[in-house]
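Q: Have a peek at query.cif (mmCIF, C-alpha atoms).
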```
data_data
loop_
_atom_site.label_atom_id
_atom_site.label_comp_id
_atom_site.auth_asym_id
_atom_site.auth_seq_id
_atom_site.Cartn_x
_atom_site.Cartn_y
_atom_site.Cartn_z
CA MET P 1 198.13 234.64 282.77
CA LYS P 2 197.77 231.08 281.49
CA GLY P 3 196.20 228.91 284.17
CA LYS P 4 195.59 231.84 286.52
CA THR P 5 192.07 232.64 287.71
CA ILE P 6 190.27 235.99 287.77
CA ILE P 7 186.88 237.03 289.13
CA ILE P 8 185.25 239.96 287.32
CA THR P 9 182.16 241.61 288.80
CA GLY P 10 180.00 243.76 286.57
CA ALA P 11 181.09 241.40 283.82
CA ALA P 12 178.03 241.99 281.63
CA GLY P 13 179.00 245.66 281.20
CA GLU P 14 181.38 246.99 278.57
CA ILE P 15 184.49 247.39 280.73
CA GLY P 16 183.95 244.12 282.57
CA PHE P 17 183.46 242.17 279.37
CA ALA P 18 186.41 243.80 277.57
CA THR P 19 188.59 242.77 280.51
CA ALA P 20 187.16 239.25 280.44
CA GLN P 21 188.01 238.99 276.74
CA LYS P 22 191.59 240.05 277.37
CA PHE P 23 192.14 237.54 280.15
CA ALA P 24 190.41 234.71 278.30
CA GLU P 25 192.59 235.34 275.24
CA ALA P 26 195.65 235.15 277.50
CA GLY P 27 194.62 231.69 278.74
CA ALA P 28 193.28 232.64 282.16
CA ASN P 29 190.34 231.04 283.90
CA VAL P 30 187.59 233.66 284.07
CA MET P 31 184.62 233.82 286.43
CA LEU P 32 182.06 236.33 285.18
CA VAL P 33 179.79 237.82 287.85
CA ASP P 34 176.77 240.06 287.28
CA ILE P 35 173.16 240.50 288.40
CA ASP P 36 171.93 240.53 284.77
CA GLU P 37 171.57 236.81 284.04
CA ASP P 38 170.55 237.06 280.38
CA ASN P 39 173.38 239.38 279.37
CA LEU P 40 175.82 237.48 281.56
CA GLN P 41 175.00 234.20 279.84
CA ASP P 42 175.34 235.88 276.45
CA ARG P 43 178.75 237.27 277.44
CA ALA P 44 179.92 233.85 278.57
CA ASN P 45 178.72 232.29 275.31
CA ASP P 46 180.50 235.00 273.31
CA LEU P 47 183.83 234.02 274.85
CA LYS P 48 183.46 230.41 273.63
CA SER P 49 185.86 228.90 276.15
CA ASP P 50 185.63 226.09 278.69
CA GLN P 51 187.91 228.24 280.84
CA VAL P 52 185.05 230.71 281.32
CA ALA P 53 182.24 230.31 283.85
CA TYR P 54 179.62 232.65 285.22
CA GLN P 55 177.74 233.22 288.45
CA VAL P 56 174.66 235.40 288.81
CA ALA P 57 175.02 237.56 291.91
CA ASP P 58 173.79 240.74 293.55
CA VAL P 59 177.03 242.22 294.90
CA THR P 60 175.11 243.93 297.72
CA LYS P 61 173.99 240.59 299.20
CA GLU P 62 176.60 238.85 301.32
CA GLU P 63 175.32 235.36 300.56
CA ASP P 64 175.63 236.06 296.82
CA VAL P 65 179.20 237.30 297.28
CA LYS P 66 180.10 234.19 299.27
CA ALA P 67 178.50 232.14 296.50
CA TYR P 68 180.56 233.65 293.65
CA VAL P 69 183.75 233.17 295.64
CA LYS P 70 182.85 229.55 296.40
CA ALA P 71 181.81 228.88 292.79
CA THR P 72 185.18 230.16 291.59
CA LEU P 73 187.13 228.01 294.02
CA ASP P 74 185.00 224.95 293.22
CA LYS P 75 185.40 225.43 289.47
CA PHE P 76 189.03 226.56 289.19
CA GLY P 77 190.64 225.72 292.53
CA ALA P 78 192.16 229.14 293.26
CA ILE P 79 191.71 232.90 292.89
CA ASP P 80 194.70 234.89 291.64
CA TYR P 81 193.11 238.15 290.49
CA PHE P 82 189.98 240.12 291.34
CA PHE P 83 188.52 242.91 289.22
CA ASN P 84 186.06 244.48 291.67
CA ASN P 85 184.23 246.36 288.97
CA ALA P 86 180.45 246.31 289.49
CA GLY P 87 178.90 249.77 289.74
CA ILE P 88 175.90 251.93 288.85
CA GLU P 89 175.60 255.61 288.00
CA GLY P 90 172.39 256.70 289.74
CA LYS P 91 170.61 259.84 288.52
CA VAL P 92 171.81 263.37 287.84
CA ALA P 93 170.21 265.95 290.17
CA PRO P 94 171.30 268.95 292.25
CA ILE P 95 171.75 268.26 295.96
CA PRO P 96 168.36 269.71 297.08
CA LYS P 97 166.61 267.35 294.64
CA VAL P 98 168.63 264.20 295.31
CA ASP P 99 166.39 261.18 295.83
CA MET P 100 167.91 259.58 298.93
CA ASN P 101 166.62 256.17 297.83
CA VAL P 102 168.78 256.55 294.72
CA PHE P 103 171.68 257.76 296.87
CA ASP P 104 171.35 254.65 299.05
CA GLN P 105 171.16 252.35 296.01
CA VAL P 106 174.35 253.81 294.51
CA MET P 107 176.18 253.54 297.81
CA GLN P 108 174.98 249.96 298.25
CA VAL P 109 176.37 248.82 294.91
CA ASN P 110 179.42 251.04 294.51
CA VAL P 111 180.65 251.02 298.12
CA TYR P 112 179.02 248.24 300.13
CA GLY P 113 179.26 245.80 297.22
CA VAL P 114 182.93 246.62 296.71
CA ALA P 115 183.61 246.20 300.43
CA LEU P 116 181.81 242.84 300.52
CA GLY P 117 183.91 241.64 297.60
CA MET P 118 187.10 242.60 299.42
CA LYS P 119 185.89 240.95 302.64
CA HIS P 120 185.36 237.58 301.01
CA VAL P 121 188.04 237.51 298.30
CA MET P 122 191.00 238.81 300.30
CA PRO P 123 191.18 235.86 302.73
CA VAL P 124 191.32 233.31 299.90
CA ILE P 125 193.23 235.09 297.12
CA GLU P 126 196.57 233.48 296.41
CA GLU P 127 199.68 235.00 297.97
CA GLY P 128 201.10 237.47 295.47
CA GLY P 129 197.67 238.01 293.97
CA SER P 130 196.33 241.32 292.73
CA ILE P 131 193.09 243.30 292.97
CA VAL P 132 191.84 246.25 290.95
CA ILE P 133 188.78 248.26 292.01
CA THR P 134 186.96 250.38 289.45
CA SER P 135 186.63 253.96 290.62
CA SER P 136 186.39 256.88 288.19
CA VAL P 137 187.72 260.37 287.60
CA ALA P 138 184.60 261.09 289.64
CA GLY P 139 186.54 259.74 292.60
CA LEU P 140 189.16 262.46 292.16
CA MET P 141 187.04 265.53 291.41
CA GLY P 142 183.63 267.07 291.97
CA THR P 143 180.85 267.41 289.41
CA ALA P 144 177.63 269.32 290.03
CA GLY P 145 174.51 267.16 289.98
CA MET P 146 176.29 263.89 290.71
CA LEU P 147 176.33 263.62 294.50
CA PRO P 148 175.66 259.86 294.81
CA TYR P 149 178.13 258.78 292.15
CA ILE P 150 180.89 261.21 293.15
CA THR P 151 180.57 260.23 296.81
CA SER P 152 180.67 256.52 296.05
CA LYS P 153 183.71 256.72 293.80
CA HIS P 154 185.66 258.74 296.38
CA ALA P 155 184.83 256.01 298.89
CA THR P 156 186.34 253.25 296.76
CA ILE P 157 189.75 254.90 297.12
CA GLY P 158 189.49 254.56 300.89
CA ILE P 159 188.61 250.88 300.56
CA MET P 160 191.59 250.38 298.25
CA ARG P 161 194.08 252.06 300.58
CA VAL P 162 193.00 250.01 303.60
CA ALA P 163 193.10 246.81 301.55
CA ALA P 164 196.54 247.62 300.10
CA LEU P 165 197.97 247.97 303.60
CA GLU P 166 196.30 244.81 304.86
CA GLY P 167 197.20 242.80 301.77
CA ALA P 168 200.87 243.76 301.75
CA GLU P 169 201.88 241.08 304.26
CA ARG P 170 200.82 238.40 301.76
CA LYS P 171 202.14 240.42 298.79
CA VAL P 172 198.58 241.04 297.58
CA ARG P 173 198.51 244.28 295.63
CA VAL P 174 195.43 246.52 295.48
CA ASN P 175 194.90 249.54 293.22
CA THR P 176 192.07 251.62 291.77
CA VAL P 177 191.56 252.46 288.12
CA HIS P 178 189.90 255.77 287.23
CA PRO P 179 188.38 255.96 283.75
CA GLY P 180 187.32 259.33 282.40
CA VAL P 181 184.65 259.63 279.71
CA ILE P 182 184.34 256.20 278.10
CA ASP P 183 182.02 255.17 275.25
CA SER P 184 179.57 253.11 277.28
CA ARG P 185 175.97 252.71 278.34
CA MET P 186 176.73 254.30 281.71
CA MET P 187 178.22 257.41 280.11
CA GLU P 188 175.23 257.74 277.79
CA SER P 189 172.95 257.60 280.82
CA LEU P 190 174.89 260.36 282.58
CA GLU P 191 174.93 262.48 279.43
CA SER P 192 171.16 262.16 279.06
CA GLY P 193 170.73 263.27 282.68
CA MET P 194 172.69 266.45 281.96
CA GLY P 195 170.69 267.60 278.93
CA ASP P 196 170.68 266.76 275.22
CA GLN P 197 172.78 263.61 275.05
CA LYS P 198 174.56 264.44 271.79
CA GLU P 199 175.35 268.00 272.90
CA VAL P 200 176.70 266.84 276.26
CA HIS P 201 178.80 264.19 274.51
CA SER P 202 180.31 266.83 272.23
CA MET P 203 180.95 269.12 275.19
CA PHE P 204 182.89 266.42 277.03
CA GLU P 205 184.90 265.62 273.90
CA GLN P 206 186.00 269.24 273.72
CA GLN P 207 186.98 269.24 277.40
CA VAL P 208 189.29 266.24 276.93
CA PRO P 209 192.72 267.31 275.67
CA LEU P 210 192.88 264.26 273.39
CA LYS P 211 189.48 265.30 271.98
CA ARG P 212 187.87 261.89 272.16
CA TYR P 213 186.17 259.43 274.46
CA GLY P 214 188.13 256.44 275.71
CA GLN P 215 187.31 252.86 274.73
CA GLU P 216 186.51 250.03 277.10
CA SER P 217 189.44 248.09 275.65
CA GLU P 218 191.81 250.82 276.85
CA VAL P 219 190.52 250.44 280.40
CA ALA P 220 190.89 246.66 280.07
CA ASP P 221 194.53 247.15 279.02
CA MET P 222 195.24 249.15 282.19
CA VAL P 223 193.46 246.61 284.39
CA TYR P 224 195.43 243.80 282.76
CA PHE P 225 198.71 245.60 283.43
CA LEU P 226 197.88 246.37 287.05
CA LEU P 227 196.86 242.79 287.77
CA SER P 228 199.91 241.35 286.04
CA ASP P 229 203.39 240.77 287.43
CA GLN P 230 204.58 243.68 285.28
CA ALA P 231 202.99 245.92 287.91
CA GLY P 232 204.63 244.01 290.74
CA TYR P 233 205.70 247.16 292.62
CA CYS P 234 202.39 248.97 292.17
CA THR P 235 200.03 248.98 295.12
CA GLY P 236 197.84 251.44 296.99
CA GLN P 237 197.66 253.83 294.05
CA THR P 238 195.12 255.53 291.78
CA TYR P 239 195.60 255.04 288.02
CA VAL P 240 193.83 257.50 285.73
CA LEU P 241 192.76 256.96 282.10
CA ASP P 242 191.11 260.20 281.08
CA GLY P 243 192.76 261.58 277.94
CA GLY P 244 194.11 264.42 280.08
CA LEU P 245 190.73 265.54 281.44
CA LEU P 246 192.07 266.19 284.96
CA LEU P 247 195.01 268.31 283.77
#
```
Once you've parsed the file, please lay out its structure as structure tokens.

A:
Amino acid sequence: MKGKTIIITGAAGEIGFATAQKFAEAGANVMLVDIDEDNLQDRANDLKSDQVAYQVADVTKEEDVKAYVKATLDKFGAIDYFFNNAGIEGKVAPIPKVDMNVFDQVMQVNVYGVALGMKHVMPVIEEGGSIVITSSVAGLMGTAGMLPYITSKHATIGIMRVAALEGAERKVRVNTVHPGVIDSRMMESLESGMGDQKEVHSMFEQQVPLKRYGQESEVADMVYFLLSDQAGYCTGQTYVLDGGLLL
């Protein structure tokens, strides 16, 4: 990874930052992208590397997406990898009570924002480059009360499959990663929406065959593998990290 360049959206979140740490430690140039400027700046400072830069962006705004792509090219000269990771969870509610404004917001970030990233990164990514989109086990199953999130994460698989076919001519690989229950702010938010947060957390732990939540570093390890040359024959696929939850 030394000398290669990666863009990471949602970089102020746990999974985005864990991935940034891994690539920075490997000697890559890292462009951190997030809408949360304060946390983003803190994350960049935590990495303590002149090979790390950041760009504040709303992934749902096309001009912002163009700007983070341009900033990366201006700073590092090329884009080799793209972790299209930014996403939000919305609110837990049964279908008759879904707030369609929330539904639209989730779709804007998790689907439209992902599609905009693909639109503007794919034409300039280096030949032989690699892209990973963050989906979820929610993209492979249904869960009551989670219509916006479930819908959006199913949609990312469609984006990935189209992009994998279109990228193949230039040997650009595209895959999705599907975390299960991960110790994170987002998971805590979903737990709280389902009832008593501690009770829901314990319930999920019991449902996972490995009897524990995953760590953001474990997702980062999978992303690192899929972006690397070690996964050179992997494209157009869904990669699950769920402790056996979908068994």

Q: Please enumerate the residues selected by the PyMOL selection byres ((chain P and resi 106) around 7) when evaluated against the supplied file, formatted as an MDAnalysis selection string.

A: chainID P and resid 88:90 102:105 107:110 148:149

Q: Within 6 Å of region 213-226 of chain P, counting all atoms listed in the file, which residues qualify if same-chain residues fewer than 3 places away don't, as a list of chain:residue names?

A: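 The neighbour list is P:Ile15, P:Ala18, P:Thr19, P:Val181, P:Ile182, P:Asp183, P:Ala231.
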
Q: When distances are computed from all atoms listed in the file, which of P:Met187, P:Leu140, P:Met146, P:Val52 shows the smallest separation from Gly158 (chain P)?

A: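 Among P:Met187, P:Leu140, P:Met146, P:Val52, it is P:Leu140 that comes nearest to Gly158 (chain P).
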
Q: Go ahead and compute the interatomic distance for CA of Gly195 (chain P) and CA of Leu247 (chain P), in Å to one decimal.

A: 24.8 Å

Q: Restricting the calculation to all atoms listed in the file, which member of P:Ala53, P:Ala164, P:Val111, P:Gly10 is positioned closest to Asp74 (chain P)?

A: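 Among the listed residues, P:Ala53 lies closest to Asp74 (chain P).
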
Q: Step by step: locate region 167-190 of chain P in the block above, keep C-alpha atoms, then write the file as a tab-separated table (two decimals), in the first residue's frame.

A:
```
chain	number	residue	atom	x	y	z
P	167	GLY	CA	-15.13	-1.38	-14.06
P	168	ALA	CA	-13.94	-4.75	-15.29
P	169	GLU	CA	-12.63	-3.41	-18.60
P	170	ARG	CA	-10.08	-1.31	-16.69
P	171	LYS	CA	-9.50	-4.07	-14.11
P	172	VAL	CA	-11.22	-1.98	-11.43
P	173	ARG	CA	-12.71	-4.31	-8.84
P	174	VAL	CA	-15.84	-3.43	-6.86
P	175	ASN	CA	-17.27	-5.32	-3.87
P	176	THR	CA	-19.56	-4.74	-0.90
P	177	VAL	CA	-18.75	-5.49	2.72
P	178	HIS	CA	-21.60	-6.49	5.05
P	179	PRO	CA	-20.91	-6.03	8.77
P	180	GLY	CA	-23.27	-7.59	11.26
P	181	VAL	CA	-23.62	-6.21	14.79
P	182	ILE	CA	-20.55	-4.06	15.42
P	183	ASP	CA	-19.68	-2.13	18.59
P	184	SER	CA	-20.38	1.36	17.28
P	185	ARG	CA	-22.41	4.52	17.73
P	186	MET	CA	-24.72	3.48	14.89
P	187	MET	CA	-25.49	0.12	16.50
P	188	GLU	CA	-26.19	1.78	19.84
P	189	SER	CA	-28.65	4.09	18.09
P	190	LEU	CA	-30.47	1.16	16.48
```
